[in-house]
file entry_35.pdb (PDB, C-alpha atoms)
ATOM      1  CA  MET D 611      22.609 -11.375  17.160
ATOM      2  CA  ALA D 612      19.900 -13.562  15.665
ATOM      3  CA  GLY D 613      18.850 -12.786  12.096
ATOM      4  CA  LYS D 614      15.442 -11.458  11.147
ATOM      5  CA  THR D 615      13.495 -12.925   8.245
ATOM      6  CA  HIS D 616      11.615 -10.743   5.791
ATOM      7  CA  GLN D 617       8.327 -12.239   6.990
ATOM      8  CA  ALA D 618       9.189 -11.279  10.565
ATOM      9  CA  LEU D 619       9.995  -7.756   9.415
ATOM     10  CA  VAL D 620       6.646  -7.430   7.646
ATOM     11  CA  THR D 621       4.659  -8.589  10.674
ATOM     12  CA  GLU D 622       6.719  -6.369  12.971
ATOM     13  CA  GLN D 623       6.069  -3.347  10.781
ATOM     14  CA  PHE D 624       2.345  -3.831  10.258
ATOM     15  CA  GLY D 625       1.102  -5.412  13.489
ATOM     16  CA  PRO D 626       1.097  -2.203  15.552
ATOM     17  CA  ARG D 627      -0.365  -0.224  12.636
ATOM     18  CA  ALA D 628      -3.354  -2.405  11.766
ATOM     19  CA  ASP D 629      -6.013  -0.018  13.072
ATOM     20  CA  ALA D 630      -4.448   2.878  11.164
ATOM     21  CA  TYR D 631      -4.858   0.944   7.910
ATOM     22  CA  LEU D 632      -8.504   0.199   8.660
ATOM     23  CA  THR D 633      -9.281   3.929   8.901
ATOM     24  CA  SER D 634      -6.899   5.060   6.129
ATOM     25  CA  ALA D 635      -8.853   6.861   3.405
ATOM     26  CA  VAL D 636      -6.214   5.861   0.831
ATOM     27  CA  HIS D 637      -6.968   2.184   1.508
ATOM     28  CA  ALA D 638     -10.677   2.366   2.353
ATOM     29  CA  GLU D 639     -11.694   4.265  -0.794
ATOM     30  CA  GLY D 640     -10.944   4.142  -4.506
ATOM     31  CA  GLU D 641     -12.284   3.430  -7.946
ATOM     32  CA  ASP D 642     -10.456   0.101  -7.897
ATOM     33  CA  LEU D 643     -12.635  -1.114  -5.011
ATOM     34  CA  THR D 644     -15.712  -0.169  -7.032
ATOM     35  CA  ALA D 645     -14.331  -2.115 -10.011
ATOM     36  CA  ILE D 646     -13.644  -5.192  -7.863
ATOM     37  CA  ALA D 647     -17.166  -5.152  -6.459
ATOM     38  CA  ALA D 648     -18.531  -4.952 -10.005
ATOM     39  CA  MET D 649     -16.500  -8.029 -11.007
ATOM     40  CA  VAL D 650     -18.152 -10.236  -8.364
ATOM     41  CA  ARG D 651     -21.660  -8.836  -8.607
ATOM     42  CA  GLY D 652     -23.995 -11.498 -10.034
ATOM     43  CA  HIS D 653     -21.975 -14.374  -8.526
ATOM     44  CA  PRO D 654     -23.754 -15.062  -5.209
ATOM     45  CA  ARG D 655     -22.231 -18.535  -4.797
ATOM     46  CA  ALA D 656     -18.645 -17.463  -5.373
ATOM     47  CA  ARG D 657     -15.713 -18.007  -3.014
ATOM     48  CA  VAL D 658     -13.218 -15.156  -2.981
ATOM     49  CA  LEU D 659      -9.615 -14.943  -1.784
ATOM     50  CA  ASP D 660      -8.448 -11.523  -0.597
ATOM     51  CA  LEU D 661      -4.703 -12.123  -0.910
ATOM     52  CA  GLY D 662      -2.646  -9.890   1.352
ATOM     53  CA  SER D 663      -5.837  -8.490   2.803
ATOM     54  CA  GLY D 664      -4.316  -5.928   5.129
ATOM     55  CA  ALA D 665      -7.173  -4.341   7.067
ATOM     56  CA  GLY D 666      -9.751  -6.019   4.797
ATOM     57  CA  HIS D 667     -11.055  -3.336   2.459
ATOM     58  CA  VAL D 668     -11.326  -5.708  -0.520
ATOM     59  CA  SER D 669     -13.101  -8.254   1.676
ATOM     60  CA  PHE D 670     -15.609  -5.641   2.824
ATOM     61  CA  ALA D 671     -16.243  -4.506  -0.765
ATOM     62  CA  VAL D 672     -17.010  -7.971  -2.145
ATOM     63  CA  ALA D 673     -18.615  -9.761   0.817
ATOM     64  CA  PRO D 674     -22.165  -8.449   0.230
ATOM     65  CA  HIS D 675     -22.178 -10.008  -3.242
ATOM     66  CA  VAL D 676     -20.666 -13.498  -2.721
ATOM     67  CA  ALA D 677     -20.998 -16.620  -0.585
ATOM     68  CA  GLU D 678     -17.636 -16.543   1.206
ATOM     69  CA  VAL D 679     -14.494 -14.424   1.450
ATOM     70  CA  ILE D 680     -11.170 -15.557   2.910
ATOM     71  CA  ALA D 681      -9.046 -12.636   4.101
ATOM     72  CA  PHE D 682      -5.477 -13.929   3.936
ATOM     73  CA  ASP D 683      -2.528 -12.026   5.374
ATOM     74  CA  LEU D 684       0.846 -12.511   7.024
ATOM     75  CA  SER D 685      -0.053 -10.271   9.982
ATOM     76  CA  ALA D 686      -2.175 -11.768  12.759
ATOM     77  CA  ALA D 687      -2.893  -8.247  14.014
ATOM     78  CA  MET D 688      -4.263  -7.218  10.620
ATOM     79  CA  LEU D 689      -6.483 -10.303  10.524
ATOM     80  CA  ALA D 690      -7.797  -9.526  14.005
ATOM     81  CA  VAL D 691      -8.801  -6.079  12.735
ATOM     82  CA  VAL D 692     -10.532  -7.675   9.723
ATOM     83  CA  ALA D 693     -12.470 -10.098  11.924
ATOM     84  CA  ARG D 694     -13.544  -7.352  14.323
ATOM     85  CA  ALA D 695     -14.576  -4.946  11.562
ATOM     86  CA  ALA D 696     -16.439  -7.681   9.655
ATOM     87  CA  ALA D 697     -18.442  -8.494  12.786
ATOM     88  CA  GLU D 698     -19.215  -4.821  13.386
ATOM     89  CA  ARG D 699     -20.446  -4.515   9.786
ATOM     90  CA  GLY D 700     -22.537  -7.673   9.939
ATOM     91  CA  LEU D 701     -20.437  -9.444   7.307
ATOM     92  CA  GLY D 702     -20.630 -13.001   8.611
ATOM     93  CA  ASN D 703     -19.277 -14.570   5.421
ATOM     94  CA  ILE D 704     -15.710 -13.276   5.930
ATOM     95  CA  ALA D 705     -13.197 -15.725   7.433
ATOM     96  CA  THR D 706      -9.487 -15.147   8.030
ATOM     97  CA  SER D 707      -6.404 -17.231   7.315
ATOM     98  CA  ARG D 708      -2.772 -16.430   8.086
ATOM     99  CA  GLY D 709       0.317 -17.169   6.006
ATOM    100  CA  ALA D 710       2.632 -16.065   3.226
ATOM    101  CA  ALA D 711       1.490 -15.357  -0.330
ATOM    102  CA  GLU D 712       4.237 -17.589  -1.684
ATOM    103  CA  SER D 713       2.807 -20.710   0.000
ATOM    104  CA  LEU D 714      -0.983 -20.650   0.158
ATOM    105  CA  PRO D 715      -2.690 -23.297   2.363
ATOM    106  CA  PHE D 716      -5.467 -23.885  -0.161
ATOM    107  CA  ALA D 717      -6.241 -26.582  -2.701
ATOM    108  CA  ASP D 718      -5.851 -26.146  -6.442
ATOM    109  CA  GLY D 719      -8.821 -24.377  -8.002
ATOM    110  CA  GLU D 720     -10.488 -23.602  -4.674
ATOM    111  CA  PHE D 721     -11.606 -20.030  -5.479
ATOM    112  CA  ASP D 722     -13.787 -18.351  -8.093
ATOM    113  CA  PHE D 723     -12.057 -14.974  -7.621
ATOM    114  CA  VAL D 724      -8.653 -13.893  -6.301
ATOM    115  CA  PHE D 725      -7.874 -10.247  -5.561
ATOM    116  CA  SER D 726      -4.745  -8.601  -4.213
ATOM    117  CA  ARG D 727      -4.566  -4.878  -3.474
ATOM    118  CA  PHE D 728      -1.547  -2.882  -2.268
ATOM    119  CA  SER D 729       0.147  -6.000  -0.911
ATOM    120  CA  ALA D 730       2.517  -7.472  -3.503
ATOM    121  CA  HIS D 731       5.225  -4.824  -3.041
ATOM    122  CA  HIS D 732       5.872  -6.459   0.362
ATOM    123  CA  TRP D 733       6.134 -10.039  -0.909
ATOM    124  CA  HIS D 734       9.472 -11.789  -0.714
ATOM    125  CA  ASP D 735       8.957 -13.435  -4.133
ATOM    126  CA  VAL D 736       6.260 -11.760  -6.202
ATOM    127  CA  ARG D 737       6.416 -14.258  -9.068
ATOM    128  CA  GLN D 738       5.860 -17.172  -6.699
ATOM    129  CA  GLY D 739       2.979 -15.310  -5.063
ATOM    130  CA  VAL D 740       1.359 -14.709  -8.440
ATOM    131  CA  ARG D 741       1.819 -18.377  -9.382
ATOM    132  CA  GLU D 742       0.136 -19.397  -6.125
ATOM    133  CA  ALA D 743      -2.771 -17.062  -6.870
ATOM    134  CA  ALA D 744      -3.201 -18.752 -10.241
ATOM    135  CA  ARG D 745      -2.976 -22.216  -8.688
ATOM    136  CA  VAL D 746      -5.821 -21.697  -6.211
ATOM    137  CA  LEU D 747      -8.078 -20.073  -8.823
ATOM    138  CA  LYS D 748     -10.498 -22.232 -10.789
ATOM    139  CA  PRO D 749      -9.902 -22.530 -14.549
ATOM    140  CA  GLY D 750     -11.831 -19.631 -16.019
ATOM    141  CA  GLY D 751     -11.862 -17.895 -12.627
ATOM    142  CA  ARG D 752     -11.156 -14.187 -12.470
ATOM    143  CA  GLY D 753      -9.106 -11.846 -10.363
ATOM    144  CA  ALA D 754      -7.181  -8.615 -10.156
ATOM    145  CA  PHE D 755      -3.897  -7.302  -8.844
ATOM    146  CA  ILE D 756      -3.755  -3.662  -7.775
ATOM    147  CA  ASP D 757      -0.559  -1.980  -6.641
ATOM    148  CA  ILE D 758       1.664   1.054  -6.959
ATOM    149  CA  ALA D 759       3.369   0.970 -10.369
ATOM    150  CA  ALA D 760       6.981   2.022 -10.738
ATOM    151  CA  PRO D 761       7.823   4.275 -13.695
ATOM    152  CA  PRO D 762       9.782   2.647 -16.540
ATOM    153  CA  SER D 763      12.489   5.314 -16.211
ATOM    154  CA  ALA D 764      15.428   4.071 -14.101
ATOM    155  CA  VAL D 765      15.910   7.531 -12.597
ATOM    156  CA  LEU D 766      12.313   7.756 -11.434
ATOM    157  CA  ASP D 767      12.209   4.110 -10.374
ATOM    158  CA  THR D 768      15.269   4.496  -8.149
ATOM    159  CA  PHE D 769      13.812   7.532  -6.408
ATOM    160  CA  LEU D 770      10.488   5.768  -5.781
ATOM    161  CA  GLN D 771      12.077   2.635  -4.295
ATOM    162  CA  ALA D 772      14.364   4.746  -2.096
ATOM    163  CA  VAL D 773      11.585   6.773  -0.490
ATOM    164  CA  GLU D 774       9.381   3.689  -0.102
ATOM    165  CA  LEU D 775      12.144   1.800   1.736
ATOM    166  CA  LEU D 776      12.968   4.760   3.963
ATOM    167  CA  ARG D 777       9.318   5.087   4.925
ATOM    168  CA  ASP D 778       8.797   1.329   5.456
ATOM    169  CA  THR D 779      11.712  -1.088   5.804
ATOM    170  CA  SER D 780       9.511  -4.066   4.855
ATOM    171  CA  HIS D 781       9.120  -2.634   1.331
ATOM    172  CA  VAL D 782      10.541  -4.897  -1.393
ATOM    173  CA  ARG D 783       9.697  -3.286  -4.724
ATOM    174  CA  ASP D 784       7.032  -1.395  -6.641
ATOM    175  CA  TYR D 785       7.020  -3.157 -10.018
ATOM    176  CA  THR D 786       6.682  -1.576 -13.438
ATOM    177  CA  ARG D 787       3.706  -2.346 -15.659
ATOM    178  CA  ALA D 788       5.961  -4.478 -17.880
ATOM    179  CA  GLU D 789       7.199  -6.480 -14.875
ATOM    180  CA  TRP D 790       3.649  -7.046 -13.677
ATOM    181  CA  GLU D 791       2.380  -8.159 -17.062
ATOM    182  CA  ASP D 792       5.304 -10.552 -17.483
ATOM    183  CA  ALA D 793       4.655 -12.057 -14.034
ATOM    184  CA  VAL D 794       0.927 -12.639 -14.522
ATOM    185  CA  ARG D 795       1.295 -14.097 -18.008
ATOM    186  CA  GLY D 796       4.114 -16.335 -16.775
ATOM    187  CA  ALA D 797       1.786 -17.676 -14.095
ATOM    188  CA  GLY D 798      -0.861 -18.663 -16.645
ATOM    189  CA  PHE D 799      -3.183 -15.698 -16.358
ATOM    190  CA  ALA D 800      -4.830 -14.054 -19.336
ATOM    191  CA  LEU D 801      -4.769 -10.272 -19.132
ATOM    192  CA  ASP D 802      -8.361  -9.126 -19.613
ATOM    193  CA  GLY D 803      -8.022  -5.451 -18.863
ATOM    194  CA  ARG D 804      -5.849  -2.728 -17.430
ATOM    195  CA  ARG D 805      -6.771   0.363 -15.422
ATOM    196  CA  GLU D 806      -4.397   3.104 -14.348
ATOM    197  CA  HIS D 807      -4.894   6.154 -12.182
ATOM    198  CA  ARG D 808      -2.931   8.589 -10.060
ATOM    199  CA  MET D 809      -3.160   8.606  -6.262
ATOM    200  CA  HIS D 810      -2.405  11.592  -4.051
ATOM    201  CA  LEU D 811      -0.570  10.935  -0.777
ATOM    202  CA  ASP D 812      -0.538  13.496   1.998
ATOM    203  CA  PHE D 813       3.022  13.305   3.311
ATOM    204  CA  ALA D 814       2.291  13.783   7.014
ATOM    205  CA  THR D 815      -0.434  11.125   6.986
ATOM    206  CA  TRP D 816       1.695   8.770   4.880
ATOM    207  CA  VAL D 817       4.616   8.682   7.315
ATOM    208  CA  GLU D 818       2.436   8.800  10.438
ATOM    209  CA  ARG D 819       0.469   5.724   9.314
ATOM    210  CA  MET D 820       3.723   3.719   9.259
ATOM    211  CA  ARG D 821       5.190   5.552  12.295
ATOM    212  CA  THR D 822       8.312   6.213  10.251
ATOM    213  CA  PRO D 823      11.209   7.265  12.530
ATOM    214  CA  ALA D 824      12.084  10.964  12.382
ATOM    215  CA  VAL D 825      15.562  10.343  10.955
ATOM    216  CA  GLN D 826      14.037   8.466   8.007
ATOM    217  CA  VAL D 827      11.374  11.142   7.485
ATOM    218  CA  GLN D 828      14.178  13.684   7.302
ATOM    219  CA  ALA D 829      16.015  11.512   4.770
ATOM    220  CA  ILE D 830      12.923  11.327   2.548
ATOM    221  CA  ARG D 831      12.505  15.091   2.669
ATOM    222  CA  ALA D 832      16.198  15.524   1.842
ATOM    223  CA  LEU D 833      15.815  13.250  -1.187
ATOM    224  CA  GLN D 834      12.747  15.155  -2.331
ATOM    225  CA  ALA D 835      14.685  18.411  -2.106
ATOM    226  CA  ALA D 836      17.667  17.034  -4.023
ATOM    227  CA  VAL D 837      15.995  15.221  -6.926
ATOM    228  CA  SER D 838      15.904  16.360 -10.518
ATOM    229  CA  ASP D 839      13.148  18.490 -11.974
ATOM    230  CA  GLU D 840      12.045  15.376 -13.893
ATOM    231  CA  ALA D 841      11.356  13.481 -10.673
ATOM    232  CA  ARG D 842       9.797  16.471  -8.943
ATOM    233  CA  SER D 843       7.422  16.906 -11.877
ATOM    234  CA  HIS D 844       6.528  13.230 -12.317
ATOM    235  CA  PHE D 845       5.718  12.693  -8.644
ATOM    236  CA  ALA D 846       4.183  16.186  -8.303
ATOM    237  CA  ILE D 847       6.152  16.784  -5.106
ATOM    238  CA  ALA D 848       4.583  19.618  -3.139
ATOM    239  CA  PRO D 849       6.365  21.947  -0.692
ATOM    240  CA  ASP D 850       5.039  19.935   2.263
ATOM    241  CA  GLY D 851       6.318  16.652   0.758
ATOM    242  CA  SER D 852       2.942  15.390  -0.443
ATOM    243  CA  PHE D 853       3.131  13.670  -3.828
ATOM    244  CA  MET D 854       1.433  11.536  -6.474
ATOM    245  CA  LEU D 855       1.928   7.878  -7.337
ATOM    246  CA  ASP D 856       0.763   5.723 -10.248
ATOM    247  CA  VAL D 857      -1.637   2.875  -9.447
ATOM    248  CA  LEU D 858      -2.026  -0.118 -11.765
ATOM    249  CA  MET D 859      -4.946  -2.558 -11.776
ATOM    250  CA  LEU D 860      -4.668  -5.692 -13.902
ATOM    251  CA  GLU D 861      -7.924  -7.617 -14.490
ATOM    252  CA  LEU D 862      -7.165 -11.291 -15.076
ATOM    253  CA  SER D 863      -8.637 -14.695 -15.759
ATOM    254  CA  ARG D 864      -7.048 -18.087 -15.334
ATOM    255  CA  GLN D 865      -6.509 -19.886 -18.607
ATOM    256  CA  SER D 866      -7.803 -23.454 -18.867
ATOM    257  CA  GLY D 867      -5.442 -26.305 -19.542
TER     258      GLY D 867
END

call {"tool": "encode", "arguments": {"input": "entry_35.pdb", "output": "structure tokens"}}
result
Amino acid sequence: MAGKTHQALVTEQFGPRADAYLTSAVHAEGEDLTAIAAMVRGHPRARVLDLGSGAGHVSFAVAPHVAEVIAFDLSAAMLAVVARAAAERGLGNIATSRGAAESLPFADGEFDFVFSRFSAHHWHDVRQGVREAARVLKPGGRGAFIDIAAPPSAVLDTFLQAVELLRDTSHVRDYTRAEWEDAVRGAGFALDGRREHRMHLDFATWVERMRTPAVQVQAIRALQAAVSDEARSHFAIAPDGSFMLDVLMLELSRQSG
């Protein structure tokens, strides 16, 4: 049997689900999108890279304020959704480009802003992806990474990664705040600010969006029932399986020299 690469797994998982991500309230709304839009406001000539764009919610948030947005993603189906939705919304300054975060097809210093939201936990090599983001950003350029943050506790971290992988087999890792800060500083970013908030996930919607097989849904529910009181409290696991996750937003700028 031929092997399957991680990139192939990601595209296989997300291609059939692209429309579901466009309409997902979890992805289409949020204070982080408001913060991103505020970062680009007042920069009408800026070029923006939406790295790991998914269904394009970052692109849609920033496009009215800048000259050009490139929605970049591994999934051709996701990019087709972005292009269609951008046209429907009259956002003619959004273009799409396909590839992996670890090897961006852009020149050094090509963008004024780079944003990545809820994508990096799928990357094969997050440190290389972050280095690439820094490479294509102009010196003094700004950006932000937003993603689910793993708790520093090993017990809680293990539970989180387990349920994420059961729900979506293309999941790699939700990183801790310390891991994220080490990665961005190692890539040459200056950390300008940090925002954290909690996000509620309705269990039925969460698994339906990814079309998680029933056997894996049952395994997640079994894990939720068996975990310690510490985990149940931290993730605020409800009787129906709904729960809370921590979201981290790191506001960055590329250091000169």

call {"tool": "resolve_selection", "arguments": {"input": "entry_35.pdb", "expression": "the PyMOL selection byres ((chain D and resi 676-688) around 8)", "output": "short mmCIF file (atom, residue, chain, number, x, y, z; two decimals) with C-alpha atoms, keeping the file's coordinate frame"}}
result
data_model
loop_
_atom_site.label_atom_id
_atom_site.label_comp_id
_atom_site.auth_asym_id
_atom_site.auth_seq_id
_atom_site.Cartn_x
_atom_site.Cartn_y
_atom_site.Cartn_z
CA GLN D 617 8.33 -12.24 6.99
CA VAL D 620 6.65 -7.43 7.65
CA THR D 621 4.66 -8.59 10.67
CA PHE D 624 2.35 -3.83 10.26
CA GLY D 625 1.10 -5.41 13.49
CA PRO D 626 1.10 -2.20 15.55
CA ALA D 628 -3.35 -2.40 11.77
CA ASP D 629 -6.01 -0.02 13.07
CA VAL D 650 -18.15 -10.24 -8.36
CA ARG D 651 -21.66 -8.84 -8.61
CA HIS D 653 -21.98 -14.37 -8.53
CA PRO D 654 -23.75 -15.06 -5.21
CA ARG D 655 -22.23 -18.54 -4.80
CA ALA D 656 -18.64 -17.46 -5.37
CA ARG D 657 -15.71 -18.01 -3.01
CA VAL D 658 -13.22 -15.16 -2.98
CA LEU D 659 -9.62 -14.94 -1.78
CA ASP D 660 -8.45 -11.52 -0.60
CA LEU D 661 -4.70 -12.12 -0.91
CA GLY D 662 -2.65 -9.89 1.35
CA SER D 663 -5.84 -8.49 2.80
CA GLY D 664 -4.32 -5.93 5.13
CA ALA D 665 -7.17 -4.34 7.07
CA GLY D 666 -9.75 -6.02 4.80
CA SER D 669 -13.10 -8.25 1.68
CA VAL D 672 -17.01 -7.97 -2.14
CA ALA D 673 -18.61 -9.76 0.82
CA PRO D 674 -22.16 -8.45 0.23
CA HIS D 675 -22.18 -10.01 -3.24
CA LEU D 689 -6.48 -10.30 10.52
CA ALA D 690 -7.80 -9.53 14.00
CA VAL D 691 -8.80 -6.08 12.74
CA VAL D 692 -10.53 -7.68 9.72
CA ASN D 703 -19.28 -14.57 5.42
CA ILE D 704 -15.71 -13.28 5.93
CA ALA D 705 -13.20 -15.72 7.43
CA THR D 706 -9.49 -15.15 8.03
CA SER D 707 -6.40 -17.23 7.32
CA ARG D 708 -2.77 -16.43 8.09
CA GLY D 709 0.32 -17.17 6.01
CA ALA D 710 2.63 -16.07 3.23
CA ALA D 711 1.49 -15.36 -0.33
#

call {"tool": "resolve_selection", "arguments": {"input": "entry_35.pdb", "expression": "the PyMOL selection byres ((chain D and resi 794-804) around 12)", "output": "ChimeraX atom specification"}}
result
/D:642,645,649,724,736-756,787-793,805-807,857-867

call {"tool": "atom_distance", "arguments": {"input": "entry_35.pdb", "atom1": "atom CA of D:Tyr785", "atom2": "atom CA of D:Asp757"}}
result
8.4 Å

call {"tool": "closest_residue", "arguments": {"input": "entry_35.pdb", "among": "D:Phe723, D:Val782, D:Pro849, D:Pro715", "to": "D:Asp735", "atoms": "all atoms listed in the file"}}
result
D:Val782

call {"tool": "resolve_selection", "arguments": {"input": "entry_35.pdb", "expression": "the PyMOL selection byres ((chain D and resi 855) around 10)", "output": "list in words"}}
result
Ile758, Ala759, Ala760, Pro761, Leu770, His807, Arg808, Met809, His810, Leu811, His844, Phe845, Ala846, Phe853, Met854, Asp856, Val857 and Leu858 of chain D

call {"tool": "atom_distance", "arguments": {"input": "entry_35.pdb", "atom1": "atom CA of D:Val817", "atom2": "atom CA of D:Asp778"}}
result
8.7 Å

call {"tool": "closest_residue", "arguments": {"input": "entry_35.pdb", "among": "D:Val765, D:Ala671, D:Ala697, D:Ala717", "to": "D:Val837", "atoms": "all atoms listed in the file"}}
result
D:Val765

call {"tool": "atom_distance", "arguments": {"input": "entry_35.pdb", "atom1": "atom CA of D:Ala824", "atom2": "atom CA of D:Asp812"}}
result
16.5 Å

call {"tool": "closest_residue", "arguments": {"input": "entry_35.pdb", "among": "D:Ile830, D:Ser726, D:Ala764, D:Asp850", "to": "D:Arg777", "atoms": "all atoms listed in the file"}}
result
D:Ile830

call {"tool": "closest_residue", "arguments": {"input": "entry_35.pdb", "among": "D:Trp816, D:Thr786, D:Leu643, D:Ala848", "to": "D:Ser763", "atoms": "only C-alpha atoms"}}
result
D:Thr786

call {"tool": "axis_aligned_box", "arguments": {"input": "entry_35.pdb", "around": "stretch 817-821 of chain D", "padding_each_side": "8 Å", "output": "AutoDock Vina command-line options"}}
result
--center_x 2.8 --center_y 6.3 --center_z 9.8 --size_x 20.7 --size_y 21.1 --size_z 21.0

call {"tool": "closest_residue", "arguments": {"input": "entry_35.pdb", "among": "D:Thr815, D:Asp784, D:Phe769, D:Glu774", "to": "D:Ser838", "atoms": "only C-alpha atoms"}}
result
D:Phe769

call {"tool": "decode", "arguments": {"input": "entry_35.pdb", "residues": "stretch 702-773 of chain D", "atoms": "C-alpha atoms", "output": "PDB file, in the first residue's frame"}}
result
ATOM      1  CA  GLY D 702     -11.582  42.166  -5.766  1.00  0.00           C
ATOM      2  CA  ASN D 703      -8.222  42.644  -4.048  1.00  0.00           C
ATOM      3  CA  ILE D 704      -8.052  39.064  -2.702  1.00  0.00           C
ATOM      4  CA  ALA D 705      -5.950  36.581  -4.699  1.00  0.00           C
ATOM      5  CA  THR D 706      -5.221  32.952  -3.830  1.00  0.00           C
ATOM      6  CA  SER D 707      -2.041  30.891  -3.817  1.00  0.00           C
ATOM      7  CA  ARG D 708      -1.603  27.218  -2.956  1.00  0.00           C
ATOM      8  CA  GLY D 709       1.248  25.538  -1.093  1.00  0.00           C
ATOM      9  CA  ALA D 710       2.740  24.550   2.238  1.00  0.00           C
ATOM     10  CA  ALA D 711       3.557  27.018   5.011  1.00  0.00           C
ATOM     11  CA  GLU D 712       7.042  25.561   5.318  1.00  0.00           C
ATOM     12  CA  SER D 713       7.999  26.583   1.759  1.00  0.00           C
ATOM     13  CA  LEU D 714       6.367  29.844   0.711  1.00  0.00           C
ATOM     14  CA  PRO D 715       6.587  30.801  -3.006  1.00  0.00           C
ATOM     15  CA  PHE D 716       7.218  34.464  -2.221  1.00  0.00           C
ATOM     16  CA  ALA D 717      10.263  36.712  -2.231  1.00  0.00           C
ATOM     17  CA  ASP D 718      11.990  37.956   0.900  1.00  0.00           C
ATOM     18  CA  GLY D 719      10.254  40.978   2.396  1.00  0.00           C
ATOM     19  CA  GLU D 720       7.306  40.845   0.000  1.00  0.00           C
ATOM     20  CA  PHE D 721       4.545  41.605   2.541  1.00  0.00           C
ATOM     21  CA  ASP D 722       3.727  44.414   4.961  1.00  0.00           C
ATOM     22  CA  PHE D 723       1.596  42.130   7.165  1.00  0.00           C
ATOM     23  CA  VAL D 724       1.451  38.369   7.737  1.00  0.00           C
ATOM     24  CA  PHE D 725      -1.400  36.760   9.669  1.00  0.00           C
ATOM     25  CA  SER D 726      -2.100  33.136  10.504  1.00  0.00           C
ATOM     26  CA  ARG D 727      -5.248  32.045  12.332  1.00  0.00           C
ATOM     27  CA  PHE D 728      -6.187  28.524  13.461  1.00  0.00           C
ATOM     28  CA  SER D 729      -3.824  26.937  10.945  1.00  0.00           C
ATOM     29  CA  ALA D 730      -0.439  26.237  12.543  1.00  0.00           C
ATOM     30  CA  HIS D 731      -1.620  23.214  14.549  1.00  0.00           C
ATOM     31  CA  HIS D 732      -1.848  21.401  11.183  1.00  0.00           C
ATOM     32  CA  TRP D 733       1.637  22.317   9.950  1.00  0.00           C
ATOM     33  CA  HIS D 734       4.200  19.573   9.566  1.00  0.00           C
ATOM     34  CA  ASP D 735       6.993  21.811  10.927  1.00  0.00           C
ATOM     35  CA  VAL D 736       5.696  24.833  12.810  1.00  0.00           C
ATOM     36  CA  ARG D 737       9.124  26.373  13.403  1.00  0.00           C
ATOM     37  CA  GLN D 738       9.922  26.287   9.692  1.00  0.00           C
ATOM     38  CA  GLY D 739       6.523  27.798   8.913  1.00  0.00           C
ATOM     39  CA  VAL D 740       7.140  30.625  11.365  1.00  0.00           C
ATOM     40  CA  ARG D 741      10.603  31.234   9.885  1.00  0.00           C
ATOM     41  CA  GLU D 742       9.054  31.440   6.415  1.00  0.00           C
ATOM     42  CA  ALA D 743       6.497  33.952   7.680  1.00  0.00           C
ATOM     43  CA  ALA D 744       9.333  36.101   9.001  1.00  0.00           C
ATOM     44  CA  ARG D 745      11.276  35.778   5.748  1.00  0.00           C
ATOM     45  CA  VAL D 746       8.488  37.102   3.518  1.00  0.00           C
ATOM     46  CA  LEU D 747       7.681  39.986   5.882  1.00  0.00           C
ATOM     47  CA  LYS D 748       9.370  43.342   5.364  1.00  0.00           C
ATOM     48  CA  PRO D 749      11.748  44.532   8.104  1.00  0.00           C
ATOM     49  CA  GLY D 750       9.517  46.413  10.506  1.00  0.00           C
ATOM     50  CA  GLY D 751       6.453  44.653   9.082  1.00  0.00           C
ATOM     51  CA  ARG D 752       3.823  43.358  11.464  1.00  0.00           C
ATOM     52  CA  GLY D 753       1.776  40.235  11.898  1.00  0.00           C
ATOM     53  CA  ALA D 754      -0.031  37.921  14.256  1.00  0.00           C
ATOM     54  CA  PHE D 755      -0.398  34.231  14.948  1.00  0.00           C
ATOM     55  CA  ILE D 756      -3.664  33.040  16.471  1.00  0.00           C
ATOM     56  CA  ASP D 757      -4.256  29.445  17.503  1.00  0.00           C
ATOM     57  CA  ILE D 758      -5.527  27.133  20.202  1.00  0.00           C
ATOM     58  CA  ALA D 759      -3.049  27.156  23.101  1.00  0.00           C
ATOM     59  CA  ALA D 760      -2.231  23.965  24.954  1.00  0.00           C
ATOM     60  CA  PRO D 761      -2.110  24.168  28.758  1.00  0.00           C
ATOM     61  CA  PRO D 762       1.360  23.968  30.340  1.00  0.00           C
ATOM     62  CA  SER D 763       0.232  21.001  32.456  1.00  0.00           C
ATOM     63  CA  ALA D 764       1.274  17.678  30.874  1.00  0.00           C
ATOM     64  CA  VAL D 765      -1.942  16.023  32.051  1.00  0.00           C
ATOM     65  CA  LEU D 766      -4.135  18.641  30.414  1.00  0.00           C
ATOM     66  CA  ASP D 767      -1.933  18.856  27.327  1.00  0.00           C
ATOM     67  CA  THR D 768      -2.145  15.109  26.710  1.00  0.00           C
ATOM     68  CA  PHE D 769      -5.928  15.128  26.951  1.00  0.00           C
ATOM     69  CA  LEU D 770      -6.221  18.066  24.536  1.00  0.00           C
ATOM     70  CA  GLN D 771      -3.955  16.517  21.888  1.00  0.00           C
ATOM     71  CA  ALA D 772      -5.777  13.183  22.170  1.00  0.00           C
ATOM     72  CA  VAL D 773      -9.247  14.589  21.542  1.00  0.00           C
TER      73      VAL D 773
END
